[in-house]
Structures are given as C-alpha cells and as structure tokens.
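Okay, structure first, notes after.
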Protein chains: 2
Amino acid sequence: MKEVLPKFDSTFSIDCVVFGFDEGELKILLIERNEEPFKDWWALPGNIVGEVESLDQSASRILNELTGLSNIYMEQYYTFGDVNRHPQGRVVSIAYYALLRLGGDKAVKPISTYAKRAHWINVKDLPRLAFDHQQIFDKGLEKIKRRIKHQPIAFELLPEKFTLTQLQNVYEIILNKKLDKRNFRKKMLSFGVLRDLQEKQQGVSFRAATLYKFDKRKYAKLFEKEISF
Amino acid sequence: MKEVLPKFDSTFSIDCVVFGFDEGELKILLIERNEEPFKDWWALPGNIVGEVESLDQSASRILNELTGLSNIYMEQYYTFGDVNRHPQGRVVSIAYYALLRLGGDKAVKPISTYAKRAHWINVKDLPRLAFDHQQIFDKGLEKIKRRIKHQPIAFELLPEKFTLTQLQNVYEIILNKKLDKRNFRKKMLSFGVLRDLQEKQQGVSFRAATLYKFDKRKYAKLFEKEISF
DNA sequence: ATTACTTAGTGTAAAAAATACACCCTATAT
DNA sequence: ATATAGGGTGTATTTTTTACACTAAGTAAT
C-alpha cells in the first residue's frame, strides 16, 4: 500500500450527536473534554476510528463506551473535512446521530474515560462547543427534523410502550411547532403501524392513557408507501 | 500531532457519481482504470483527497480534471468505510453525486490522465464496477430519487432553457415512472419558480414548445415552503 | 394547397387528504 | 362530592391530488 496510495499525515474520527427525549425535552449527550485541544470545553462524544473497525462499528463502540448500551439506533449523516477543523492536524470526521430512550424503561447513566463528565443537555440550551461541533450538531438536528417526517424514527426516543400524547410531544419538540391533537391521532393511527396494547398507563394522577407499541412488521409491509407524518 | 492522535496506515478519497441527462437517458460517467488494483475495470471517478483541500474542493477538482468544467452542482451524500473495501489498505471514501448538462448548450468531452478512457454510460446498462462502487452508485441514485421530489435539482441536468416536456422526462426517468402531462405542468407551474421565456424551441420538425428557465430568485423566496414535486 | 404526422397545450369533475375546531370522559386527589 | 388534569372523540370545509381526451400548431411530403 505504501507505494501505491499517496498519503500524508491524517486520520479520521467519528462524532456522534446523541439525542434523548425526557420529560418533554430534547437533549443531547455532551462530554466535557479532559485533554487538549479544547480542554475543559464541551464537545460531542467522538473518537478515532480503529484500524479494524468499520465506521458503523466504530460509532456503535463509542456509544457503547459512553452509555453502556448496544443496539442503539444510529445513522451516518455527513462527513466534515475542512482542512483546519482540528488544530492538531488533518482529521476528517464522520458524523452520526443516535436516538435513544431516556427515562421510562431504561435510564442511561453516561460513563466516560476520556472525558471529565458527560451530561444530557437540552438542545435549546447548548454551551459553546469545541472544534466545529456546533456545525455538526446543527446539521444533525436538521437531518432528524427532515427524517422524522417520513420515517418512523420518533419511536426510538420513546419507551417500548408509549401514549399517543408522548408521541405527539416528540413530534412537536423536534419539529418545533404545535400539532392538532385530533388530526395527529387520526393520521398516526391511519398508518397502521401502532399496536394498541389494550393496556393503560400506570401511576399517573389523572385519567390513564392507552399504551401503544410501534409494530415493525406492519411497518415493513408498507414498504415504500412513502409515509408522511 | 504525532503524539496526540493515534493513527495507522490509512487515507481518504472522494468518489463521484456524475449524472448526466441526454436524449432521454440518464447516464453516469465511468472511467476505465489504468492501474492496479482493478486494472481495466470500470469505476467511478475518484481520487485521494489532497493535503490542503477540503472535501468539497477535492470533489470539485476531480470533476474539473475529468470534464474541464467548474461550478458543477455537487452534494456529498455518504461515506463508505468498510475495512476491506480497498484491497491495498484502509481507504475511507466520501461519496458525492454531481449533476450536469449533457448535449444542449455544452457538450462535455471527458478527458482523463489516470484512466484509459471515460465514458457516459446509461444507468440501466452499467458494467461490473471496481471496489464497492456498485454500492456507492446505488446509494447515490437512491439519494437523487429522494431529493428530486423536494428540491429543484432536475434543472441541473437540463440546459438553461428547456421545455416542460424535457423537464417531465427528467422526472420520469429518475423516478422511473410515467407522470400525467397535465398534472405535471399544473403543479410545476404552480410553484412559480419557472420563468416563461416567451421564446420557442428551434430546429424541431414539429410544433415548437415554449422555453422556460429556472428562476433562482423566485425559488429563494419560497424559503422553506417545502416544495414537493 | 392539401394531407399526414408529430408534439404542444389545455380544463374539469371526482376523490382523497389536510385543516380547523370544542366538548365530554375518566381517574385521582382532597 | 367536588375539583383537577389530561384522555379521547367527529364533522364540515378547504385544499390537493388524481384521472382523463381532445384541439392547436408547426413541419414535411405529395
């Protein structure tokens, strides 16, 4: 390889925008850096891609190291490669977004070795970010806004069992606008991808709502019937 | 940088799916490789990213070397990084698609140094491709199919001045289905992004059609009014 | 000049989808 | 029993999408 491929001092990394939804708020996971450059700054979780890792594997590993979870929904969405985006050399970064369930079933306790601490931070209240991470975040948010309209990704942010109101909240917060309750329900149910669990919410101090589940099999049958929420 | 960033023998490249539309056919530009590996195979045009080039710059350069054109419409769409995608080492490839006008105004004569020859080949008749280029192509085609429904990219494949029938052809071929002529025209004109040039097609042996032009300024005014073709 | 040929260009009715809108229901807490 | 808080429902109107077929205009051949 050495003679064949022209090369210079460079490497590539993965950066992840990890979205979580909790108590009606959309949050992302940020770490406080423990190393130069940008020591003590907040940054997106990320790491150098390993020698024998595919990009997807690398992204999964990073998420797993950070949260202890596997099988998180992730999508690669853009690659950032400006010459000077990293002050110490040429680092091309492949960005992923991830969606995961906070609270509800599984609370996630972020752990981390290469960072002082990791925190869930409301996307409406982000601090200044290291490197070009603001740009990476912006594009990630834009992507999920677009995708949530056509693909069933909202479910990834909710517990297995959820109420229609919770689902509507996810849409309202990501799309950043109010939706009409009756129209939302009518449309959502009409897709036929929700299974009514014949079961009610527990432990609420008011009328309990019906729980639903996203039915992957029914969704698969729709195939490319171009859903549009 | 050497001490700070863990690294191994790797590099990154750009690969381009260059779409062109000519005589009712959707084609892409392929090169016949002159070097190992995959000598004599057909491949997507691509190259190693330069040391002081951003990814976008690199993609533009590659396109320019190949076609002599600048200001081609391009979008980065996905990054391919499987460990063994390149037989000679770890090469992560950032994929772009490009759209350009064939025939009509400006005919393009592909030139190339690092390849025996370059040819426009109908997407319905692709040969076996080197590396993972079939996969890269498939994803690129999928992306433009999706994008053409919401963004005004079809115009990039046509000459400055075009007829509504030509425009409809682009849609039909990319979406791979027949559209109704009256409905297509009604909808397309209703967006208000076409300027009627009060001018007719020349040199046809039948009734000449009206020529239109895509009006970028009008389009910009729509802002995020979510066009849907 | 007539005719044949080829593509350009046009309207309407029916169906489907999207929107706007307000009240009663039910479980719990006091 | 009463107050509270969110759960759940239907209809009429508007907008968008779909399906569908003929005349108009220019060229070419005779």
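Naming works like this for the structure tokens: A, B, ... for the chains as they're shown, residue 1 at the start of each chain, ligands 1 onward in shown order.
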
Within 12 Å of chain D, which residues of chain A show up? Give each one with its shortest atom-to-atom distance in Å (one decimal) and the two atoms involved, counting only C-alpha atoms (C1' of nucleotides), rows by chain then rising residue number, as a tab-separated table.
```
residue	atom	partner	partner_atom	distance
A:Thr163	CA	D:DG7	C1'	10.1
A:Leu164	CA	D:DG7	C1'	9.8
A:Thr165	CA	D:DG7	C1'	9.0
A:Gln166	CA	D:DG6	C1'	11.9
A:Lys181	CA	D:DG8	C1'	9.7
A:Arg182	CA	D:DT9	C1'	7.9
A:Asn183	CA	D:DT9	C1'	11.0
A:Arg185	CA	D:DG8	C1'	9.9
A:Lys186	CA	D:DT9	C1'	10.2
A:Lys200	CA	D:DG7	C1'	11.1
A:Gln201	CA	D:DG7	C1'	11.1
A:Val204	CA	D:DG6	C1'	9.8
A:Ser205	CA	D:DA5	C1'	8.1
A:Phe206	CA	D:DA5	C1'	6.0
A:Arg207	CA	D:DG7	C1'	6.4
A:Ala208	CA	D:DG7	C1'	7.2
A:Ala209	CA	D:DG7	C1'	6.0
A:Thr210	CA	D:DG7	C1'	8.6
A:Leu211	CA	D:DG7	C1'	11.8
```

With N, CA and C atoms retained, could you export that selection as a PDB file, in the first residue's frame?
```
ATOM      1  N   THR A 163     -47.689   6.506  25.055  1.00  0.00           N
ATOM      2  CA  THR A 163     -49.026   7.016  24.773  1.00  0.00           C
ATOM      3  C   THR A 163     -48.957   7.920  23.550  1.00  0.00           C
ATOM      4  N   LEU A 164     -50.103   8.135  22.962  1.00  0.00           N
ATOM      5  CA  LEU A 164     -50.142   8.999  21.782  1.00  0.00           C
ATOM      6  C   LEU A 164     -49.714  10.420  22.126  1.00  0.00           C
ATOM      7  N   THR A 165     -50.005  10.844  23.327  1.00  0.00           N
ATOM      8  CA  THR A 165     -49.600  12.191  23.717  1.00  0.00           C
ATOM      9  C   THR A 165     -48.079  12.296  23.790  1.00  0.00           C
ATOM     10  N   GLN A 166     -47.449  11.261  24.322  1.00  0.00           N
ATOM     11  CA  GLN A 166     -45.984  11.267  24.354  1.00  0.00           C
ATOM     12  C   GLN A 166     -45.428  11.339  22.938  1.00  0.00           C
ATOM     13  N   LYS A 181     -54.235  17.923  18.188  1.00  0.00           N
ATOM     14  CA  LYS A 181     -54.321  16.590  18.786  1.00  0.00           C
ATOM     15  C   LYS A 181     -55.164  15.620  17.967  1.00  0.00           C
ATOM     16  N   ARG A 182     -56.334  16.045  17.582  1.00  0.00           N
ATOM     17  CA  ARG A 182     -57.200  15.109  16.851  1.00  0.00           C
ATOM     18  C   ARG A 182     -56.627  14.730  15.503  1.00  0.00           C
ATOM     19  N   ASN A 183     -56.105  15.706  14.797  1.00  0.00           N
ATOM     20  CA  ASN A 183     -55.543  15.398  13.479  1.00  0.00           C
ATOM     21  C   ASN A 183     -54.313  14.511  13.598  1.00  0.00           C
ATOM     22  N   ARG A 185     -53.644  12.285  15.914  1.00  0.00           N
ATOM     23  CA  ARG A 185     -54.039  10.915  16.229  1.00  0.00           C
ATOM     24  C   ARG A 185     -54.634  10.211  15.025  1.00  0.00           C
ATOM     25  N   LYS A 186     -55.511  10.926  14.341  1.00  0.00           N
ATOM     26  CA  LYS A 186     -56.162  10.346  13.174  1.00  0.00           C
ATOM     27  C   LYS A 186     -55.105   9.865  12.173  1.00  0.00           C
ATOM     28  N   LYS A 200     -53.226   0.288  30.064  1.00  0.00           N
ATOM     29  CA  LYS A 200     -53.217   1.705  30.416  1.00  0.00           C
ATOM     30  C   LYS A 200     -51.921   2.090  31.118  1.00  0.00           C
ATOM     31  N   GLN A 201     -51.584   3.317  30.950  1.00  0.00           N
ATOM     32  CA  GLN A 201     -50.527   3.957  31.713  1.00  0.00           C
ATOM     33  C   GLN A 201     -50.699   3.686  33.207  1.00  0.00           C
ATOM     34  N   VAL A 204     -50.186   7.501  37.136  1.00  0.00           N
ATOM     35  CA  VAL A 204     -50.437   8.914  36.879  1.00  0.00           C
ATOM     36  C   VAL A 204     -51.611   9.362  37.727  1.00  0.00           C
ATOM     37  N   SER A 205     -51.648  10.607  38.048  1.00  0.00           N
ATOM     38  CA  SER A 205     -52.681  11.099  38.948  1.00  0.00           C
ATOM     39  C   SER A 205     -53.835  11.721  38.177  1.00  0.00           C
ATOM     40  N   PHE A 206     -54.103  11.120  37.074  1.00  0.00           N
ATOM     41  CA  PHE A 206     -55.239  11.578  36.272  1.00  0.00           C
ATOM     42  C   PHE A 206     -55.615  10.421  35.375  1.00  0.00           C
ATOM     43  N   ARG A 207     -56.558  10.599  34.561  1.00  0.00           N
ATOM     44  CA  ARG A 207     -57.014   9.518  33.682  1.00  0.00           C
ATOM     45  C   ARG A 207     -55.843   8.915  32.901  1.00  0.00           C
ATOM     46  N   ALA A 208     -55.694   7.612  33.001  1.00  0.00           N
ATOM     47  CA  ALA A 208     -54.554   6.953  32.361  1.00  0.00           C
ATOM     48  C   ALA A 208     -54.794   6.800  30.861  1.00  0.00           C
ATOM     49  N   ALA A 209     -53.744   7.024  30.085  1.00  0.00           N
ATOM     50  CA  ALA A 209     -53.875   6.921  28.630  1.00  0.00           C
ATOM     51  C   ALA A 209     -53.570   5.507  28.158  1.00  0.00           C
ATOM     52  N   THR A 210     -54.071   5.184  26.985  1.00  0.00           N
ATOM     53  CA  THR A 210     -53.799   3.885  26.370  1.00  0.00           C
ATOM     54  C   THR A 210     -52.347   3.805  25.919  1.00  0.00           C
ATOM     55  N   LEU A 211     -51.764   2.640  26.102  1.00  0.00           N
ATOM     56  CA  LEU A 211     -50.389   2.443  25.647  1.00  0.00           C
ATOM     57  C   LEU A 211     -50.367   1.807  24.265  1.00  0.00           C
TER      58      LEU A 211
END
```

Where in region 19-221 of chain A does DSSP assign helix (DSSP H, G or I), given as a PyMOL selection string? chain A and resi 55-67+123-125+133-148+154-157+164-175+181-190+216-221

Could you pull the residues within 10 Å of Ile121 (chain A), counting only C-alpha atoms (C1' of nucleotides), minus those fewer than 4 positions along the same chain, as number ranges by chain? A: 19-20, 25-31, 125-127

Enumerate, in order of chain and increasing residue number, the residues of chain A with an atom no farther than 9 Å from chain B, each with its shortest atom pair and distance in Å to one decimal, counting only C-alpha atoms, as a Markdown table.
```
| residue | atom | partner | partner_atom | distance |
| --- | --- | --- | --- | --- |
| A:Met1 | CA | B:Gln88 | CA | 5.0 |
| A:Lys2 | CA | B:Asp9 | CA | 8.3 |
| A:Val4 | CA | B:Gln88 | CA | 8.0 |
| A:Leu5 | CA | B:Ile48 | CA | 8.0 |
| A:Pro6 | CA | B:Ile48 | CA | 7.3 |
| A:Lys7 | CA | B:Thr11 | CA | 6.2 |
| A:Phe8 | CA | B:Glu51 | CA | 6.7 |
| A:Asp9 | CA | B:Glu51 | CA | 8.3 |
| A:Ser10 | CA | B:Thr11 | CA | 7.0 |
| A:Thr11 | CA | B:Lys7 | CA | 6.2 |
| A:Phe12 | CA | B:Phe12 | CA | 8.4 |
| A:Glu36 | CA | B:Val4 | CA | 8.9 |
| A:Ile48 | CA | B:Pro6 | CA | 7.3 |
| A:Val49 | CA | B:Lys7 | CA | 8.9 |
| A:Gly50 | CA | B:Phe8 | CA | 8.5 |
| A:Glu51 | CA | B:Phe8 | CA | 6.7 |
| A:Val52 | CA | B:Val83 | CA | 6.0 |
| A:Glu53 | CA | B:Val83 | CA | 6.3 |
| A:Ser54 | CA | B:Asp82 | CA | 4.6 |
| A:Leu55 | CA | B:Gly81 | CA | 5.6 |
| A:Asp56 | CA | B:Gly81 | CA | 8.4 |
| A:Gln76 | CA | B:Tyr78 | CA | 7.6 |
| A:Tyr77 | CA | B:Tyr78 | CA | 7.0 |
| A:Tyr78 | CA | B:Tyr78 | CA | 6.5 |
| A:Thr79 | CA | B:Thr79 | CA | 6.9 |
| A:Phe80 | CA | B:Leu55 | CA | 7.8 |
| A:Gly81 | CA | B:Leu55 | CA | 5.6 |
| A:Asp82 | CA | B:Ser54 | CA | 4.6 |
| A:Val83 | CA | B:Ser54 | CA | 5.4 |
| A:Asn84 | CA | B:Ser54 | CA | 8.8 |
| A:Pro87 | CA | B:Met1 | CA | 8.9 |
| A:Gln88 | CA | B:Met1 | CA | 5.1 |
| A:Gly89 | CA | B:Met1 | CA | 6.0 |
| A:Arg90 | CA | B:Glu51 | CA | 7.9 |
| A:Val92 | CA | B:Phe12 | CA | 8.5 |
| A:Ile94 | CA | B:Thr79 | CA | 7.4 |
```

Output as a PyMOL selection string all residues of region 161-224 of chain A that backbone DSSP marks as strand (DSSP E). chain A and resi 194-200+210-214

Would you save the residues of that selection, restricted to N, CA, C and O atoms, as a tab-separated table (two decimals), in the first residue's frame?
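Result file again29.tsv:
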```
chain	number	residue	atom	x	y	z
A	194	LEU	N	-49.12	1.25	14.54
A	194	LEU	CA	-49.16	1.23	16.00
A	194	LEU	C	-50.04	0.08	16.47
A	194	LEU	O	-51.12	-0.14	15.91
A	195	ARG	N	-49.57	-0.63	17.47
A	195	ARG	CA	-50.41	-1.67	18.05
A	195	ARG	C	-50.96	-1.18	19.38
A	195	ARG	O	-50.20	-0.81	20.27
A	196	ASP	N	-52.26	-1.20	19.47
A	196	ASP	CA	-52.94	-0.85	20.72
A	196	ASP	C	-52.72	-2.00	21.69
A	196	ASP	O	-53.12	-3.12	21.46
A	197	LEU	N	-52.07	-1.71	22.82
A	197	LEU	CA	-51.71	-2.78	23.74
A	197	LEU	C	-52.85	-3.13	24.71
A	197	LEU	O	-52.67	-3.98	25.57
A	198	GLN	N	-53.97	-2.48	24.59
A	198	GLN	CA	-55.11	-2.77	25.48
A	198	GLN	C	-54.67	-2.65	26.93
A	198	GLN	O	-54.98	-3.49	27.75
A	199	GLU	N	-53.94	-1.62	27.18
A	199	GLU	CA	-53.28	-1.52	28.47
A	199	GLU	C	-53.20	-0.03	28.77
A	199	GLU	O	-53.12	0.78	27.86
A	200	LYS	N	-53.23	0.29	30.06
A	200	LYS	CA	-53.22	1.70	30.42
A	200	LYS	C	-51.92	2.09	31.12
A	200	LYS	O	-51.30	1.26	31.77
A	210	THR	N	-54.07	5.18	26.98
A	210	THR	CA	-53.80	3.89	26.37
A	210	THR	C	-52.35	3.80	25.92
A	210	THR	O	-51.80	4.78	25.40
A	211	LEU	N	-51.76	2.64	26.10
A	211	LEU	CA	-50.39	2.44	25.65
A	211	LEU	C	-50.37	1.81	24.27
A	211	LEU	O	-51.17	0.93	23.96
A	212	TYR	N	-49.43	2.25	23.48
A	212	TYR	CA	-49.22	1.70	22.14
A	212	TYR	C	-47.79	1.25	21.98
A	212	TYR	O	-46.90	1.63	22.75
A	213	LYS	N	-47.60	0.48	20.92
A	213	LYS	CA	-46.28	-0.03	20.60
A	213	LYS	C	-46.10	0.14	19.10
A	213	LYS	O	-47.05	-0.04	18.33
A	214	PHE	N	-44.90	0.46	18.68
A	214	PHE	CA	-44.61	0.52	17.25
A	214	PHE	C	-44.47	-0.90	16.72
A	214	PHE	O	-43.72	-1.70	17.28
```

Å distance separating CA of Val18 (chain A) from CA of Ala98 (chain A), one decimal place: 4.6 Å

For a quick test of understanding: name the residues of chain C lying within 8 Å of chain A when counting only C-alpha atoms (C1' of nucleotides), and present them as a PyMOL selection string. chain C and resi 26-29

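Distance annotation: of B:Phe191, B:Arg217, B:Phe21, B:Ser70, the residue with the minimal separation from Asn169 (chain B) is B:Phe21; atom set is only C-alpha atoms.
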
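Between CA of Ala115 (chain A) and CA of Tyr96 (chain A) the separation is 19.2 Å.
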
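The coordinates place CA of Met188 (chain A) at 26.8 Å from CA of Lys124 (chain A).
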